[in-house]
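> Here you go, my_file20.cif (mmCIF, C-alpha atoms):
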data_input
loop_
_atom_site.label_atom_id
_atom_site.label_comp_id
_atom_site.auth_asym_id
_atom_site.auth_seq_id
_atom_site.Cartn_x
_atom_site.Cartn_y
_atom_site.Cartn_z
CA MET O 1 -10.59 27.50 -40.86
CA GLU O 2 -7.43 29.30 -39.82
CA LEU O 3 -6.43 32.93 -39.39
CA ALA O 4 -4.05 34.20 -42.06
CA GLY O 5 -3.62 37.70 -40.69
CA LYS O 6 -5.84 40.22 -38.99
CA LYS O 7 -6.98 42.04 -42.12
CA ARG O 8 -6.25 39.28 -44.64
CA GLY O 9 -9.11 37.14 -43.49
CA ILE O 10 -9.94 33.71 -42.17
CA VAL O 11 -8.54 31.07 -44.52
CA ILE O 12 -10.88 28.26 -45.52
CA LYS O 13 -8.82 25.34 -46.77
CA ASP O 14 -9.35 23.61 -50.11
CA ASP O 15 -10.68 20.43 -48.53
CA TRP O 16 -13.28 22.14 -46.32
CA PRO O 17 -16.61 20.43 -47.19
CA GLY O 18 -18.86 22.80 -45.29
CA TYR O 19 -21.59 21.90 -42.81
CA GLY O 20 -24.45 19.48 -43.40
CA LEU O 21 -27.72 21.05 -44.46
CA ASP O 22 -29.59 19.35 -41.62
CA LEU O 23 -27.74 21.51 -39.08
CA PHE O 24 -29.26 24.81 -40.25
CA THR O 25 -32.48 26.37 -41.43
CA TYR O 26 -32.78 27.72 -44.97
CA PRO O 27 -35.49 28.10 -47.65
CA GLU O 28 -36.70 24.54 -48.21
CA HIS O 29 -37.14 25.05 -51.97
CA TYR O 30 -33.33 25.13 -52.26
CA HIS O 31 -32.86 21.72 -50.63
CA ASP O 32 -31.61 19.99 -53.78
CA ASP O 33 -29.82 23.06 -55.12
CA ILE O 34 -27.08 23.44 -52.48
CA ASP O 35 -24.50 20.92 -51.29
CA SER O 36 -23.55 22.42 -47.93
CA VAL O 37 -23.56 25.47 -45.68
CA TYR O 38 -20.07 26.80 -46.32
CA ILE O 39 -20.03 29.76 -43.90
CA PRO O 40 -22.92 30.10 -41.44
CA HIS O 41 -24.64 33.48 -41.18
CA GLY O 42 -23.55 33.99 -37.56
CA VAL O 43 -19.89 33.57 -38.49
CA VAL O 44 -20.31 36.06 -41.35
CA MET O 45 -21.83 38.61 -38.99
CA ASN O 46 -19.12 38.25 -36.36
CA ARG O 47 -16.34 38.60 -38.92
CA THR O 48 -18.09 41.66 -40.37
CA GLU O 49 -18.08 43.28 -36.94
CA ARG O 50 -14.34 42.65 -36.70
CA LEU O 51 -13.74 44.26 -40.11
CA ALA O 52 -15.74 47.28 -38.97
CA ARG O 53 -13.32 47.72 -36.08
CA TYR O 54 -10.33 47.72 -38.43
CA ILE O 55 -12.01 50.30 -40.65
CA VAL O 56 -12.89 52.60 -37.74
CA ASP O 57 -9.29 52.39 -36.50
CA ASP O 58 -7.81 53.10 -39.95
CA PHE O 59 -9.99 55.99 -41.04
CA VAL O 60 -9.81 57.75 -37.65
CA ASP O 61 -10.76 61.38 -38.43
CA ASP O 62 -11.97 60.87 -42.00
CA ASP O 63 -15.55 60.64 -43.08
CA ILE O 64 -16.12 57.70 -45.43
CA MET O 65 -17.59 57.72 -48.91
CA VAL O 66 -18.76 54.14 -49.27
CA LEU O 67 -19.13 52.71 -52.76
CA CYS O 68 -21.30 49.61 -52.52
CA VAL O 69 -21.02 47.17 -55.41
CA LEU O 70 -24.48 45.85 -56.27
CA LYS O 71 -26.22 43.55 -56.26
CA GLY O 72 -24.22 40.98 -54.33
CA GLY O 73 -22.66 43.46 -51.94
CA TYR O 74 -25.80 45.05 -50.55
CA LYS O 75 -26.22 42.82 -47.48
CA PHE O 76 -22.54 42.89 -46.57
CA CYS O 77 -22.46 46.65 -47.03
CA ALA O 78 -25.59 47.22 -44.94
CA ASP O 79 -24.32 45.02 -42.11
CA LEU O 80 -20.84 46.55 -42.24
CA MET O 81 -22.24 50.09 -42.09
CA GLU O 82 -24.46 49.13 -39.15
CA CYS O 83 -21.45 47.75 -37.29
CA ILE O 84 -19.49 50.94 -37.97
CA LYS O 85 -22.41 53.03 -36.70
CA VAL O 86 -22.73 51.00 -33.50
CA LEU O 87 -19.00 51.26 -32.84
CA GLY O 88 -19.14 55.01 -33.37
CA CYS O 89 -22.07 55.45 -31.02
CA ASN O 90 -20.12 53.67 -28.30
CA SER O 91 -16.82 55.50 -28.74
CA ASN O 92 -15.32 58.85 -29.65
CA LYS O 93 -14.52 57.69 -33.19
CA TYR O 94 -17.82 58.26 -34.93
CA LEU O 95 -17.35 58.16 -38.70
CA GLU O 96 -19.91 59.84 -40.89
CA THR O 97 -20.66 57.52 -43.81
CA ARG O 98 -22.33 58.32 -47.10
CA VAL O 99 -23.23 55.35 -49.29
CA GLU O 100 -23.40 55.41 -53.07
CA PHE O 101 -24.17 52.41 -55.26
CA ILE O 102 -22.60 51.01 -58.39
CA ARG O 103 -23.51 47.91 -60.37
CA LEU O 104 -21.01 45.75 -62.22
CA LYS O 105 -21.61 42.81 -64.51
CA SER O 106 -18.85 40.42 -65.48
CA TYR O 107 -20.42 36.95 -65.02
CA LEU O 108 -22.18 34.56 -67.35
CA ASN O 109 -23.66 31.70 -65.32
CA ASP O 110 -20.77 30.71 -63.00
CA GLN O 111 -17.89 32.04 -65.13
CA SER O 112 -16.20 35.40 -64.87
CA THR O 113 -15.80 37.04 -68.27
CA GLU O 114 -13.22 39.50 -69.55
CA ASP O 115 -15.81 42.24 -70.03
CA LEU O 116 -16.67 44.58 -67.17
CA HIS O 117 -19.83 46.61 -67.53
CA ILE O 118 -20.47 49.47 -65.10
CA ILE O 119 -24.21 49.88 -64.91
CA GLY O 120 -25.62 53.20 -63.75
CA SER O 121 -23.68 56.41 -63.21
CA ARG O 122 -20.13 56.31 -64.48
CA ASP O 123 -19.55 59.87 -63.25
CA LEU O 124 -18.03 59.54 -59.82
CA SER O 125 -16.75 63.11 -59.64
CA PHE O 126 -18.23 63.40 -56.13
CA LEU O 127 -15.32 61.21 -54.97
CA LEU O 128 -12.82 64.05 -55.49
CA GLY O 129 -10.76 64.48 -52.33
CA LYS O 130 -12.82 61.92 -50.42
CA SER O 131 -11.77 58.86 -48.42
CA VAL O 132 -13.39 56.02 -50.33
CA LEU O 133 -14.25 52.53 -49.14
CA ILE O 134 -15.31 50.11 -51.90
CA VAL O 135 -17.46 47.33 -50.45
CA GLU O 136 -17.71 44.12 -52.47
CA ALA O 137 -19.14 40.74 -51.49
CA ILE O 138 -16.65 38.63 -53.45
CA VAL O 139 -13.36 39.19 -55.25
CA ASP O 140 -12.89 36.35 -57.72
CA THR O 141 -10.15 36.65 -60.34
CA GLY O 142 -9.32 40.18 -59.20
CA LYS O 143 -9.75 41.58 -62.72
CA THR O 144 -13.05 43.28 -61.95
CA MET O 145 -11.80 44.90 -58.76
CA LYS O 146 -8.57 46.03 -60.42
CA THR O 147 -10.55 47.70 -63.20
CA LEU O 148 -13.02 49.29 -60.79
CA ARG O 149 -10.27 50.57 -58.52
CA LYS O 150 -8.47 52.20 -61.45
CA HIS O 151 -11.75 53.77 -62.56
CA VAL O 152 -12.39 55.18 -59.08
CA GLU O 153 -8.84 56.55 -58.84
CA THR O 154 -9.33 58.63 -62.00
CA PHE O 155 -11.67 60.84 -59.96
CA GLN O 156 -8.82 61.72 -57.59
CA PRO O 157 -10.11 60.60 -54.19
CA LYS O 158 -8.01 61.24 -51.10
CA MET O 159 -7.55 57.49 -50.66
CA VAL O 160 -9.18 54.24 -51.72
CA LYS O 161 -9.56 51.11 -49.64
CA VAL O 162 -11.44 47.91 -50.46
CA ALA O 163 -13.41 45.65 -48.15
CA GLY O 164 -14.15 42.21 -49.59
CA LEU O 165 -16.20 39.71 -47.62
CA LEU O 166 -14.88 36.79 -49.68
CA VAL O 167 -11.65 36.60 -51.66
CA LYS O 168 -10.98 33.51 -53.75
CA ARG O 169 -7.53 32.01 -53.91
CA ALA O 170 -6.50 32.44 -57.52
CA PRO O 171 -3.14 32.28 -59.34
CA ASN O 172 -1.42 35.66 -59.45
CA MET O 173 -4.06 37.30 -57.26
CA ASP O 174 -2.80 40.72 -56.14
CA GLU O 175 -3.27 40.91 -52.36
CA ASN O 176 -3.01 44.70 -52.54
CA LEU O 177 -6.41 44.85 -54.25
CA THR O 178 -8.23 44.26 -50.96
CA ASP O 179 -7.45 45.96 -47.66
CA TYR O 180 -10.01 44.17 -45.48
CA VAL O 181 -10.92 40.54 -46.12
CA GLY O 182 -13.57 38.52 -44.35
CA PHE O 183 -12.70 35.06 -45.63
CA GLU O 184 -10.19 33.66 -48.09
CA ILE O 185 -11.87 30.76 -49.87
CA PRO O 186 -10.92 28.17 -52.47
CA ASN O 187 -12.16 28.43 -56.04
CA ARG O 188 -15.71 27.22 -55.37
CA PHE O 189 -18.88 28.87 -56.58
CA VAL O 190 -20.83 30.03 -53.54
CA VAL O 191 -24.24 31.60 -53.16
CA GLY O 192 -26.31 33.19 -50.42
CA TYR O 193 -26.04 36.32 -48.27
CA ALA O 194 -27.06 38.25 -51.44
CA LEU O 195 -24.63 36.34 -53.68
CA ASP O 196 -26.55 34.88 -56.60
CA TYR O 197 -26.52 32.45 -59.45
CA ASN O 198 -28.49 34.08 -62.26
CA GLU O 199 -30.47 36.09 -59.65
CA TYR O 200 -31.38 33.05 -57.51
CA PHE O 201 -30.20 32.28 -53.95
CA ARG O 202 -29.95 35.89 -52.74
CA ASP O 203 -32.52 35.03 -50.06
CA LEU O 204 -30.21 32.52 -48.35
CA ASN O 205 -28.77 33.88 -45.09
CA HIS O 206 -25.86 31.45 -45.04
CA ILE O 207 -23.10 31.30 -47.65
CA CYS O 208 -23.57 27.94 -49.35
CA VAL O 209 -22.02 25.81 -52.08
CA ILE O 210 -24.32 25.39 -55.06
CA SER O 211 -24.89 21.84 -56.27
CA LYS O 212 -24.48 20.58 -59.82
CA SER O 213 -28.24 20.16 -60.11
CA GLY O 214 -28.70 23.70 -58.84
CA LYS O 215 -26.41 25.08 -61.53
CA GLN O 216 -28.28 23.17 -64.19
CA LYS O 217 -31.70 24.11 -62.85
CA TYR O 218 -31.05 27.87 -62.93
CA LYS O 219 -28.71 28.05 -65.92
CA VAL O 220 -29.58 30.60 -68.58
#
Take the structure in the file and give it back as structure tokens.

Amino acid sequence: MELAGKKRGIVIKDDWPGYGLDLFTYPEHYHDDIDSVYIPHGVVMNRTERLARYIVDDFVDDDIMVLCVLKGGYKFCADLMECIKVLGCNSNKYLETRVEFIRLKSYLNDQSTEDLHIIGSRDLSFLLGKSVLIVEAIVDTGKTMKTLRKHVETFQPKMVKVAGLLVKRAPNMDENLTDYVGFEIPNRFVVGYALDYNEYFRDLNHICVISKSGKQKYKV
């Protein structure tokens, strides 16, 4: 791992194999379904705390309207909001946060599709004049986030920033799509920390690489 830039995330190189499964605890029924622990839970939590500091510094006097992208983003969002709250309680920069939820669907098995479906309320008129922070667990091709960001901007918020725990290196990826990045990762399909494969693996605390047998086992 290496640091690419304070807000651009920790870069995980293409040849990073991850950690051996015998070094960590995880639900035993996934033993044959994951190849390695890619990012341990403790590292995720520490990086999330660092992102919270950037956000508190950037928003300063603004309250935050947080738009959490479900389902994969719920753990990252909850932990990020907790870090922001703790920082506020220990400083004079307390930011009031209101969290709203939105669900997107653009995956079939492990492939991102061209179609983006916004599930739930499409009326985000409450964002008018607000400082908005979109919280997403993973930004893959960037197409989904670009579409969502444009959709949010039609409701005329004061500003829009995006926090992505994971951003995959992809050709022609627009770095301006994400303002706060936890980790920049190669194009590998990862699960855990609420990231799923057909609704499985959300109960993993660590971010892990799914195995070929795991993909086959839970394929729809």
> Expand the PyMOL selection byres ((chain O and resi 195) around 9) into the explicit residue set it covers here, and present it as JSON, numbers by chain.
{"O": [71, 72, 73, 137, 138, 190, 191, 192, 193, 194, 196, 197, 199, 200, 201, 202, 203, 204, 207]}
> For Gly88 of chain O, which residue out of O:Asp140, O:Arg53, O:Leu67, O:Leu104 is the nearest one, using only C-alpha atoms?
O:Arg53
> Apply the PyMOL selection byres ((chain O and resi 167) around 7) to the structure shown and report the selected residues as a PyMOL selection string.
chain O and resi 138-140+164-166+168-169+181+183-185
> Would you output that residue set with C-alpha atoms, as an mmCIF file, in the frame of the given file?

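Saved as result19.cif:
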data_model
loop_
_atom_site.group_PDB
_atom_site.id
_atom_site.type_symbol
_atom_site.label_atom_id
_atom_site.label_comp_id
_atom_site.auth_asym_id
_atom_site.auth_seq_id
_atom_site.Cartn_x
_atom_site.Cartn_y
_atom_site.Cartn_z
ATOM 1 C CA ILE O 138 -16.650 38.630 -53.450
ATOM 2 C CA VAL O 139 -13.360 39.190 -55.250
ATOM 3 C CA ASP O 140 -12.890 36.350 -57.720
ATOM 4 C CA GLY O 164 -14.150 42.210 -49.590
ATOM 5 C CA LEU O 165 -16.200 39.710 -47.620
ATOM 6 C CA LEU O 166 -14.880 36.790 -49.680
ATOM 7 C CA LYS O 168 -10.980 33.510 -53.750
ATOM 8 C CA ARG O 169 -7.530 32.010 -53.910
ATOM 9 C CA VAL O 181 -10.920 40.540 -46.120
ATOM 10 C CA PHE O 183 -12.700 35.060 -45.630
ATOM 11 C CA GLU O 184 -10.190 33.660 -48.090
ATOM 12 C CA ILE O 185 -11.870 30.760 -49.870
#
> Determine, counting only C-alpha atoms, which protein, DNA and RNA residues have an atom within 9 Å of an atom of Phe155 of chain O; residues of the same chain fewer than 2 positions away are not included. Present the result as a PDB file with C-alpha atoms, in the coordinates of the input.

ATOM      1  CA  ASP O 123     -19.550  59.870 -63.250  1.00  0.00           C
ATOM      2  CA  LEU O 124     -18.030  59.540 -59.820  1.00  0.00           C
ATOM      3  CA  SER O 125     -16.750  63.110 -59.640  1.00  0.00           C
ATOM      4  CA  PHE O 126     -18.230  63.400 -56.130  1.00  0.00           C
ATOM      5  CA  LEU O 127     -15.320  61.210 -54.970  1.00  0.00           C
ATOM      6  CA  LEU O 128     -12.820  64.050 -55.490  1.00  0.00           C
ATOM      7  CA  GLY O 129     -10.760  64.480 -52.330  1.00  0.00           C
ATOM      8  CA  HIS O 151     -11.750  53.770 -62.560  1.00  0.00           C
ATOM      9  CA  VAL O 152     -12.390  55.180 -59.080  1.00  0.00           C
ATOM     10  CA  GLU O 153      -8.840  56.550 -58.840  1.00  0.00           C
ATOM     11  CA  PRO O 157     -10.110  60.600 -54.190  1.00  0.00           C
TER      12      PRO O 157
END
> Just checking: using all atoms listed in the file, which residue out of O:Arg103, O:Lys143, O:Arg149, O:His206 ends up closest to Pro40 of chain O?
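Among O:Arg103, O:Lys143, O:Arg149, O:His206, it is O:His206 that comes nearest to Pro40 of chain O.
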> List as a VMD selection string the protein and nucleic acid residues near Lys93 of chain O, meaning an atom at most 10 Å away when all atoms listed in the file are counted, but skip any in the same chain fewer than 4 places from it.
chain O and resid 56 to 57 59 to 62 84 to 85 87 to 89
> Could you jot down the atom CA of Lys146 of chain O to atom CA of Ser211 of chain O separation for me, Å, one decimal place?
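Computing it gives 29.5 Å between the two atoms.
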